[in-house]
$ cat final00.txt   # compact mmCIF, N, CA, C and O atoms
# COMPACT_ATOMS: atom_id res chain seq x y z
N MET A 1 -1.95 27.24 -25.45
CA MET A 1 -2.68 27.12 -24.20
C MET A 1 -3.50 28.39 -23.96
O MET A 1 -3.05 29.48 -24.27
N LYS A 2 -4.63 28.20 -23.36
CA LYS A 2 -5.45 29.35 -23.00
C LYS A 2 -4.81 30.06 -21.81
O LYS A 2 -4.24 29.43 -20.92
N LYS A 3 -4.92 31.35 -21.78
CA LYS A 3 -4.34 32.13 -20.70
C LYS A 3 -5.32 32.27 -19.55
O LYS A 3 -6.54 32.27 -19.74
N ASN A 4 -4.78 32.37 -18.35
CA ASN A 4 -5.52 32.63 -17.11
C ASN A 4 -6.50 31.53 -16.71
O ASN A 4 -7.46 31.79 -16.00
N ILE A 5 -6.31 30.30 -17.17
CA ILE A 5 -7.18 29.21 -16.72
C ILE A 5 -6.39 28.13 -15.97
O ILE A 5 -6.99 27.30 -15.29
N HIS A 6 -5.08 28.13 -16.09
CA HIS A 6 -4.26 27.10 -15.46
C HIS A 6 -3.80 27.56 -14.08
O HIS A 6 -3.52 28.73 -13.89
N PRO A 7 -3.70 26.62 -13.13
CA PRO A 7 -3.22 27.00 -11.80
C PRO A 7 -1.73 27.38 -11.87
O PRO A 7 -1.00 26.94 -12.74
N LYS A 8 -1.32 28.18 -10.94
CA LYS A 8 0.06 28.65 -10.89
C LYS A 8 0.98 27.49 -10.53
O LYS A 8 0.75 26.77 -9.55
N TYR A 9 2.02 27.29 -11.33
CA TYR A 9 3.02 26.25 -11.08
C TYR A 9 4.16 26.89 -10.32
O TYR A 9 4.68 27.93 -10.72
N GLN A 10 4.54 26.27 -9.20
CA GLN A 10 5.58 26.86 -8.36
C GLN A 10 6.35 25.78 -7.63
O GLN A 10 5.92 24.63 -7.57
N GLN A 11 7.47 26.14 -7.06
CA GLN A 11 8.26 25.24 -6.22
C GLN A 11 7.60 25.19 -4.85
O GLN A 11 7.33 26.24 -4.24
N VAL A 12 7.32 23.98 -4.35
CA VAL A 12 6.67 23.80 -3.05
C VAL A 12 7.58 22.95 -2.18
O VAL A 12 8.16 21.97 -2.65
N LEU A 13 7.68 23.31 -0.92
CA LEU A 13 8.45 22.54 0.05
C LEU A 13 7.53 21.51 0.68
O LEU A 13 6.54 21.86 1.32
N PHE A 14 7.83 20.23 0.48
CA PHE A 14 7.04 19.16 1.09
C PHE A 14 7.77 18.69 2.34
O PHE A 14 8.98 18.45 2.31
N VAL A 15 7.02 18.54 3.44
CA VAL A 15 7.59 18.14 4.72
C VAL A 15 6.94 16.83 5.13
O VAL A 15 5.72 16.74 5.26
N ASP A 16 7.76 15.79 5.31
CA ASP A 16 7.26 14.48 5.76
C ASP A 16 6.98 14.59 7.25
O ASP A 16 7.90 14.78 8.04
N SER A 17 5.73 14.46 7.65
CA SER A 17 5.38 14.63 9.06
C SER A 17 5.85 13.46 9.92
O SER A 17 6.00 13.61 11.13
N ALA A 18 6.13 12.30 9.31
CA ALA A 18 6.60 11.15 10.08
C ALA A 18 8.07 11.29 10.46
O ALA A 18 8.48 10.90 11.55
N THR A 19 8.89 11.84 9.56
CA THR A 19 10.33 11.93 9.82
C THR A 19 10.86 13.35 9.87
O THR A 19 11.97 13.57 10.34
N GLY A 20 10.13 14.31 9.35
CA GLY A 20 10.60 15.68 9.30
C GLY A 20 11.45 15.97 8.08
O GLY A 20 11.97 17.07 7.93
N HIS A 21 11.62 15.00 7.21
CA HIS A 21 12.41 15.19 5.99
C HIS A 21 11.73 16.22 5.08
O HIS A 21 10.51 16.23 4.94
N LYS A 22 12.54 17.08 4.46
CA LYS A 22 12.01 18.13 3.59
C LYS A 22 12.58 17.99 2.20
O LYS A 22 13.75 17.66 2.04
N PHE A 23 11.74 18.23 1.19
CA PHE A 23 12.21 18.23 -0.18
C PHE A 23 11.36 19.20 -1.00
O PHE A 23 10.22 19.49 -0.67
N ILE A 24 11.97 19.70 -2.07
CA ILE A 24 11.31 20.68 -2.93
C ILE A 24 10.92 20.01 -4.23
O ILE A 24 11.68 19.24 -4.80
N CYS A 25 9.71 20.32 -4.67
CA CYS A 25 9.20 19.75 -5.91
C CYS A 25 8.26 20.77 -6.55
O CYS A 25 7.54 21.48 -5.85
N GLY A 26 8.24 20.82 -7.86
CA GLY A 26 7.31 21.70 -8.56
C GLY A 26 5.90 21.17 -8.44
O GLY A 26 5.67 19.96 -8.55
N SER A 27 4.95 22.05 -8.19
CA SER A 27 3.57 21.62 -8.00
C SER A 27 2.62 22.78 -8.27
O SER A 27 3.00 23.94 -8.25
N THR A 28 1.36 22.42 -8.50
CA THR A 28 0.32 23.44 -8.64
C THR A 28 -0.44 23.62 -7.33
O THR A 28 -1.41 24.37 -7.29
N LEU A 29 -0.02 22.94 -6.26
CA LEU A 29 -0.64 23.15 -4.95
C LEU A 29 -0.47 24.61 -4.54
O LEU A 29 0.55 25.23 -4.83
N GLN A 30 -1.44 25.12 -3.85
CA GLN A 30 -1.39 26.51 -3.37
C GLN A 30 -1.51 26.52 -1.84
O GLN A 30 -2.49 27.02 -1.29
N PRO A 31 -0.51 25.95 -1.12
CA PRO A 31 -0.61 25.95 0.35
C PRO A 31 -0.43 27.35 0.92
O PRO A 31 0.25 28.20 0.35
N LYS A 32 -1.07 27.60 2.06
CA LYS A 32 -0.99 28.91 2.70
C LYS A 32 0.22 29.01 3.62
O LYS A 32 0.71 30.11 3.88
N ASP A 33 0.69 27.86 4.15
CA ASP A 33 1.84 27.87 5.05
C ASP A 33 3.10 28.16 4.25
O ASP A 33 3.25 27.74 3.11
N LYS A 34 4.03 28.87 4.90
CA LYS A 34 5.33 29.16 4.28
C LYS A 34 6.42 28.75 5.25
O LYS A 34 6.24 28.79 6.47
N GLU A 35 7.56 28.33 4.68
CA GLU A 35 8.67 27.89 5.50
C GLU A 35 9.97 28.20 4.77
O GLU A 35 10.04 28.13 3.54
N VAL A 36 11.02 28.51 5.54
CA VAL A 36 12.32 28.81 4.95
C VAL A 36 13.12 27.52 4.87
O VAL A 36 13.23 26.77 5.84
N PHE A 37 13.69 27.26 3.69
CA PHE A 37 14.52 26.07 3.47
C PHE A 37 15.71 26.50 2.62
O PHE A 37 15.53 27.07 1.54
N ASN A 38 16.91 26.25 3.13
CA ASN A 38 18.16 26.65 2.46
C ASN A 38 18.18 28.14 2.14
O ASN A 38 18.63 28.56 1.08
N GLY A 39 17.66 28.95 3.06
CA GLY A 39 17.70 30.39 2.90
C GLY A 39 16.65 30.97 1.98
O GLY A 39 16.65 32.16 1.71
N VAL A 40 15.74 30.15 1.46
CA VAL A 40 14.70 30.63 0.55
C VAL A 40 13.34 30.27 1.15
O VAL A 40 13.15 29.18 1.68
N GLU A 41 12.39 31.20 1.08
CA GLU A 41 11.05 30.94 1.60
C GLU A 41 10.20 30.27 0.52
O GLU A 41 10.10 30.75 -0.61
N TYR A 42 9.60 29.14 0.89
CA TYR A 42 8.75 28.37 -0.02
C TYR A 42 7.39 28.16 0.63
O TYR A 42 7.28 28.09 1.86
N PRO A 43 6.34 28.01 -0.17
CA PRO A 43 5.08 27.52 0.40
C PRO A 43 5.31 26.08 0.83
O PRO A 43 5.97 25.32 0.12
N SER A 44 4.81 25.71 2.00
CA SER A 44 5.08 24.35 2.49
C SER A 44 3.79 23.54 2.62
O SER A 44 2.73 24.06 2.95
N TYR A 45 3.93 22.25 2.38
CA TYR A 45 2.80 21.32 2.45
C TYR A 45 3.26 20.08 3.20
O TYR A 45 4.31 19.51 2.90
N LYS A 46 2.50 19.66 4.20
CA LYS A 46 2.87 18.48 5.00
C LYS A 46 2.24 17.23 4.40
O LYS A 46 1.05 17.20 4.11
N VAL A 47 3.08 16.20 4.24
CA VAL A 47 2.61 14.91 3.74
C VAL A 47 2.79 13.88 4.85
O VAL A 47 3.72 13.96 5.65
N SER A 48 1.91 12.91 4.93
CA SER A 48 1.98 11.92 6.00
C SER A 48 3.06 10.89 5.75
O SER A 48 3.71 10.41 6.68
N ILE A 49 3.29 10.51 4.48
CA ILE A 49 4.29 9.51 4.14
C ILE A 49 5.00 9.95 2.87
O ILE A 49 4.36 10.39 1.92
N SER A 50 6.31 9.81 2.86
CA SER A 50 7.08 10.07 1.64
C SER A 50 8.00 8.87 1.42
O SER A 50 7.96 7.89 2.17
N SER A 51 8.86 8.93 0.42
CA SER A 51 9.76 7.82 0.14
C SER A 51 10.75 7.60 1.28
O SER A 51 11.31 6.52 1.41
N VAL A 52 10.96 8.60 2.12
CA VAL A 52 11.88 8.47 3.25
C VAL A 52 11.27 7.63 4.37
O VAL A 52 11.98 6.91 5.06
N SER A 53 9.95 7.67 4.53
CA SER A 53 9.32 6.96 5.63
C SER A 53 8.45 5.77 5.19
O SER A 53 7.98 5.02 6.03
N HIS A 54 8.25 5.57 3.90
CA HIS A 54 7.40 4.47 3.43
C HIS A 54 8.13 3.14 3.57
O HIS A 54 9.30 3.03 3.20
N PRO A 55 7.48 2.10 4.12
CA PRO A 55 8.14 0.81 4.34
C PRO A 55 8.71 0.17 3.08
O PRO A 55 9.72 -0.50 3.13
N PHE A 56 8.10 0.38 1.93
CA PHE A 56 8.61 -0.21 0.70
C PHE A 56 9.99 0.34 0.37
O PHE A 56 10.89 -0.39 -0.02
N PHE A 57 10.16 1.65 0.53
CA PHE A 57 11.43 2.28 0.18
C PHE A 57 12.47 2.16 1.28
O PHE A 57 13.66 2.21 1.02
N THR A 58 12.04 2.03 2.53
CA THR A 58 12.99 1.92 3.64
C THR A 58 13.46 0.49 3.85
O THR A 58 14.47 0.27 4.49
N GLY A 59 12.72 -0.47 3.33
CA GLY A 59 13.11 -1.87 3.49
C GLY A 59 12.64 -2.47 4.80
O GLY A 59 12.95 -3.61 5.10
N SER A 60 11.91 -1.73 5.60
CA SER A 60 11.42 -2.28 6.86
C SER A 60 10.26 -3.22 6.56
O SER A 60 9.53 -3.06 5.58
N LYS A 61 10.10 -4.22 7.40
CA LYS A 61 9.06 -5.20 7.15
C LYS A 61 7.73 -4.80 7.75
O LYS A 61 6.73 -5.41 7.48
N GLY A 62 7.72 -3.77 8.57
CA GLY A 62 6.47 -3.32 9.17
C GLY A 62 5.58 -2.70 8.13
O GLY A 62 6.04 -2.11 7.16
N LEU A 63 4.30 -2.83 8.31
CA LEU A 63 3.34 -2.26 7.38
C LEU A 63 2.63 -1.09 8.02
O LEU A 63 2.30 -1.12 9.20
N VAL A 64 2.40 -0.06 7.26
CA VAL A 64 1.66 1.09 7.75
C VAL A 64 0.19 0.79 7.53
O VAL A 64 -0.26 0.68 6.41
N ASP A 65 -0.53 0.64 8.63
CA ASP A 65 -1.94 0.29 8.52
C ASP A 65 -2.69 0.89 9.70
O ASP A 65 -2.65 0.35 10.79
N ALA A 66 -3.34 1.97 9.45
CA ALA A 66 -4.02 2.68 10.53
C ALA A 66 -5.35 2.02 10.90
O ALA A 66 -5.83 2.19 11.99
N GLU A 67 -5.94 1.26 10.01
CA GLU A 67 -7.28 0.74 10.26
C GLU A 67 -7.33 -0.78 10.43
O GLU A 67 -8.39 -1.34 10.53
N GLY A 68 -6.20 -1.46 10.44
CA GLY A 68 -6.18 -2.90 10.67
C GLY A 68 -6.55 -3.73 9.46
O GLY A 68 -6.84 -4.91 9.58
N ARG A 69 -6.52 -3.16 8.27
CA ARG A 69 -6.90 -3.90 7.07
C ARG A 69 -5.93 -5.03 6.77
O ARG A 69 -6.33 -6.10 6.34
N VAL A 70 -4.66 -4.78 6.98
CA VAL A 70 -3.65 -5.79 6.68
C VAL A 70 -3.82 -6.99 7.60
O VAL A 70 -3.76 -8.14 7.16
N ASP A 71 -4.06 -6.74 8.89
CA ASP A 71 -4.25 -7.84 9.83
C ASP A 71 -5.48 -8.67 9.48
O ASP A 71 -5.45 -9.90 9.53
N LYS A 72 -6.55 -8.02 9.08
CA LYS A 72 -7.76 -8.75 8.68
C LYS A 72 -7.48 -9.62 7.46
O LYS A 72 -7.91 -10.77 7.39
N PHE A 73 -6.74 -9.07 6.50
CA PHE A 73 -6.42 -9.83 5.30
C PHE A 73 -5.56 -11.03 5.65
O PHE A 73 -5.80 -12.14 5.15
N LYS A 74 -4.56 -10.85 6.51
CA LYS A 74 -3.68 -11.96 6.88
C LYS A 74 -4.46 -13.08 7.55
O LYS A 74 -4.22 -14.26 7.28
N LYS A 75 -5.40 -12.73 8.43
CA LYS A 75 -6.21 -13.75 9.10
C LYS A 75 -7.04 -14.54 8.10
O LYS A 75 -7.12 -15.76 8.16
N ARG A 76 -7.67 -13.83 7.14
CA ARG A 76 -8.47 -14.51 6.12
C ARG A 76 -7.59 -15.39 5.25
O ARG A 76 -7.98 -16.49 4.88
N TYR A 77 -6.40 -14.90 4.91
CA TYR A 77 -5.49 -15.65 4.05
C TYR A 77 -5.03 -16.94 4.73
O TYR A 77 -5.04 -18.01 4.12
N ILE A 78 -4.68 -16.86 6.00
CA ILE A 78 -4.26 -18.05 6.75
C ILE A 78 -5.41 -19.03 6.87
O ILE A 78 -5.23 -20.25 6.72
N ALA A 79 -6.61 -18.52 7.15
CA ALA A 79 -7.78 -19.41 7.26
C ALA A 79 -8.05 -20.12 5.93
O ALA A 79 -8.36 -21.31 5.90
N ALA A 80 -7.90 -19.40 4.82
CA ALA A 80 -8.13 -20.01 3.51
C ALA A 80 -7.07 -21.06 3.22
O ALA A 80 -7.37 -22.12 2.64
N GLN A 81 -5.84 -20.82 3.63
CA GLN A 81 -4.78 -21.81 3.42
C GLN A 81 -5.06 -23.07 4.23
O GLN A 81 -4.88 -24.18 3.75
N ASN A 82 -5.51 -22.90 5.47
CA ASN A 82 -5.82 -24.05 6.31
C ASN A 82 -6.97 -24.86 5.74
O ASN A 82 -6.95 -26.08 5.78
N LYS A 83 -7.99 -24.21 5.20
CA LYS A 83 -9.10 -24.92 4.58
C LYS A 83 -8.61 -25.69 3.36
O LYS A 83 -9.04 -26.80 3.11
N GLY A 84 -7.71 -25.10 2.61
CA GLY A 84 -7.16 -25.76 1.43
C GLY A 84 -6.38 -27.00 1.80
O GLY A 84 -6.44 -28.02 1.12
N LYS A 85 -5.65 -26.97 2.90
CA LYS A 85 -4.88 -28.13 3.36
C LYS A 85 -5.80 -29.25 3.79
O LYS A 85 -5.54 -30.41 3.54
N GLU A 86 -6.91 -28.90 4.47
CA GLU A 86 -7.88 -29.91 4.89
C GLU A 86 -8.51 -30.59 3.68
O GLU A 86 -8.68 -31.79 3.65
N ALA A 87 -8.83 -29.83 2.66
CA ALA A 87 -9.45 -30.38 1.47
C ALA A 87 -8.49 -31.30 0.74
O ALA A 87 -8.88 -32.33 0.19
N VAL A 88 -7.22 -30.98 0.75
CA VAL A 88 -6.22 -31.80 0.09
C VAL A 88 -5.97 -33.06 0.89
O VAL A 88 -5.77 -34.13 0.34
N SER A 89 -6.01 -32.99 2.22
CA SER A 89 -5.70 -34.16 3.04
C SER A 89 -6.82 -35.19 3.03
O SER A 89 -6.58 -36.37 3.21
N GLU A 90 -8.08 -34.82 2.81
CA GLU A 90 -9.18 -35.77 2.80
C GLU A 90 -9.05 -36.81 1.69
O GLU A 90 -9.20 -37.99 1.95
N PRO A 91 -8.77 -36.46 0.44
CA PRO A 91 -8.61 -37.48 -0.59
C PRO A 91 -7.43 -38.40 -0.32
O PRO A 91 -7.46 -39.57 -0.65
N ALA A 92 -6.40 -37.89 0.31
CA ALA A 92 -5.24 -38.72 0.62
C ALA A 92 -5.63 -39.80 1.61
O ALA A 92 -5.19 -40.94 1.51
N GLU A 93 -6.47 -39.47 2.59
CA GLU A 93 -6.92 -40.46 3.56
C GLU A 93 -7.84 -41.47 2.89
O GLU A 93 -7.80 -42.66 3.21
N ALA A 94 -8.65 -41.03 1.96
CA ALA A 94 -9.54 -41.94 1.26
C ALA A 94 -8.74 -42.90 0.40
O ALA A 94 -9.14 -44.05 0.19
N ALA A 95 -7.60 -42.49 -0.10
CA ALA A 95 -6.77 -43.35 -0.94
C ALA A 95 -6.14 -44.46 -0.12
O ALA A 95 -5.78 -45.51 -0.66
N LYS A 96 -5.98 -44.27 1.20
CA LYS A 96 -5.40 -45.30 2.06
C LYS A 96 -6.32 -46.50 2.21
O LYS A 96 -5.86 -47.62 2.41
N GLU A 97 -7.64 -46.27 2.13
CA GLU A 97 -8.59 -47.36 2.26
C GLU A 97 -8.51 -48.25 1.03
O GLU A 97 -8.28 -47.78 -0.07
N PRO A 98 -8.70 -49.55 1.21
CA PRO A 98 -8.64 -50.44 0.04
C PRO A 98 -9.76 -50.10 -0.94
O PRO A 98 -10.89 -49.85 -0.55
N ALA A 99 -9.40 -50.06 -2.17
CA ALA A 99 -10.37 -49.73 -3.21
C ALA A 99 -11.29 -50.92 -3.44
O ALA A 99 -10.86 -52.05 -3.49
N LYS A 100 -12.58 -50.65 -3.59
CA LYS A 100 -13.54 -51.71 -3.87
C LYS A 100 -13.61 -51.92 -5.37
O LYS A 100 -13.76 -50.98 -6.13
N LYS A 101 -13.44 -53.15 -5.77
CA LYS A 101 -13.47 -53.46 -7.20
C LYS A 101 -14.89 -53.70 -7.63
O LYS A 101 -15.66 -54.37 -6.96
N LYS A 102 -15.22 -53.11 -8.75
CA LYS A 102 -16.52 -53.34 -9.31
C LYS A 102 -16.44 -54.53 -10.24
O LYS A 102 -15.54 -54.62 -11.06
N VAL A 103 -17.38 -55.41 -10.08
CA VAL A 103 -17.42 -56.58 -10.95
C VAL A 103 -18.44 -56.33 -12.03
O VAL A 103 -19.61 -56.04 -11.75
N ALA A 104 -18.01 -56.48 -13.24
CA ALA A 104 -18.91 -56.26 -14.37
C ALA A 104 -19.79 -57.49 -14.53
O ALA A 104 -19.31 -58.61 -14.52
N LYS A 105 -21.07 -57.28 -14.67
CA LYS A 105 -22.00 -58.38 -14.85
C LYS A 105 -22.10 -58.70 -16.32
O LYS A 105 -22.20 -57.83 -17.17
N ALA A 106 -22.05 -59.95 -16.64
CA ALA A 106 -22.17 -60.37 -18.02
C ALA A 106 -23.61 -60.49 -18.40
O ALA A 106 -24.43 -60.97 -17.63
N LYS A 107 -23.97 -60.10 -19.59
CA LYS A 107 -25.36 -60.19 -20.04
C LYS A 107 -25.61 -61.50 -20.70
O LYS A 107 -24.95 -62.15 -21.33
$ encode --input "final00.txt" --output "structure tokens"
Amino acid sequence: MKKNIHPKYQQVLFVDSATGHKFICGSTLQPKDKEVFNGVEYPSYKVSISSVSHPFFTGSKGLVDAEGRVDKFKKRYIAAQNKGKEAVSEPAEAAKEPAKKKVAKAK
């Protein structure tokens, strides 16, 4: 490896801003904030979501959606399902009508 071109690798304290949970992980981040954890001072970095607060890992059914994207998708999905049901029901109603027989003309 070339010397003096790689960022410094160090232990960084990550703080989940949603729950306050703290964990240490090796990283090349260079945060300016410092915090004491278990009697040792670490550079600290705040994250908005971690495995402690993410709905997939917590098992909660709520979705984290700050901009309403999930709600828009659900509305479109339901509308598409309803259109699909209407399209399927139309041929079924047509099948209820008596079928007209075509008579072949003899030459």
$ closest_residue --input "final00.txt" --among "A:Ile49, A:Ile24, A:Val36, A:Leu29" --to "A:His6" --atoms "only C-alpha atoms"
A:Leu29
$ atom_distance --input "final00.txt" --atom1 "atom CA of A:Lys46" --atom2 "atom CA of A:Thr28"
14.7 Å
$ atom_distance --input "final00.txt" --atom1 "atom N of A:Val40" --atom2 "atom O of A:Gln11"
10.9 Å
$ atom_distance --input "final00.txt" --atom1 "atom C of A:Gly39" --atom2 "atom CA of A:Lys22"
13.7 Å
$ select_by_dssp --input "final00.txt" --residues "stretch 17-81 of chain A" --states "strand (DSSP E or B)" --output "count of residues only"
18
$ axis_aligned_box --input "final00.txt" --around "stretch 28-43 of chain A" --padding-each-side "8 Å" --output "JSON"
{"center_x": 8.1, "center_y": 27.3, "center_z": -1.1, "size_x": 37.1, "size_y": 25.7, "size_z": 31.1}
$ closest_residue --input "final00.txt" --among "A:Asn4, A:Gln81, A:Gln10, A:Ser17" --to "A:Val47" --atoms "all atoms listed in the file"
A:Ser17
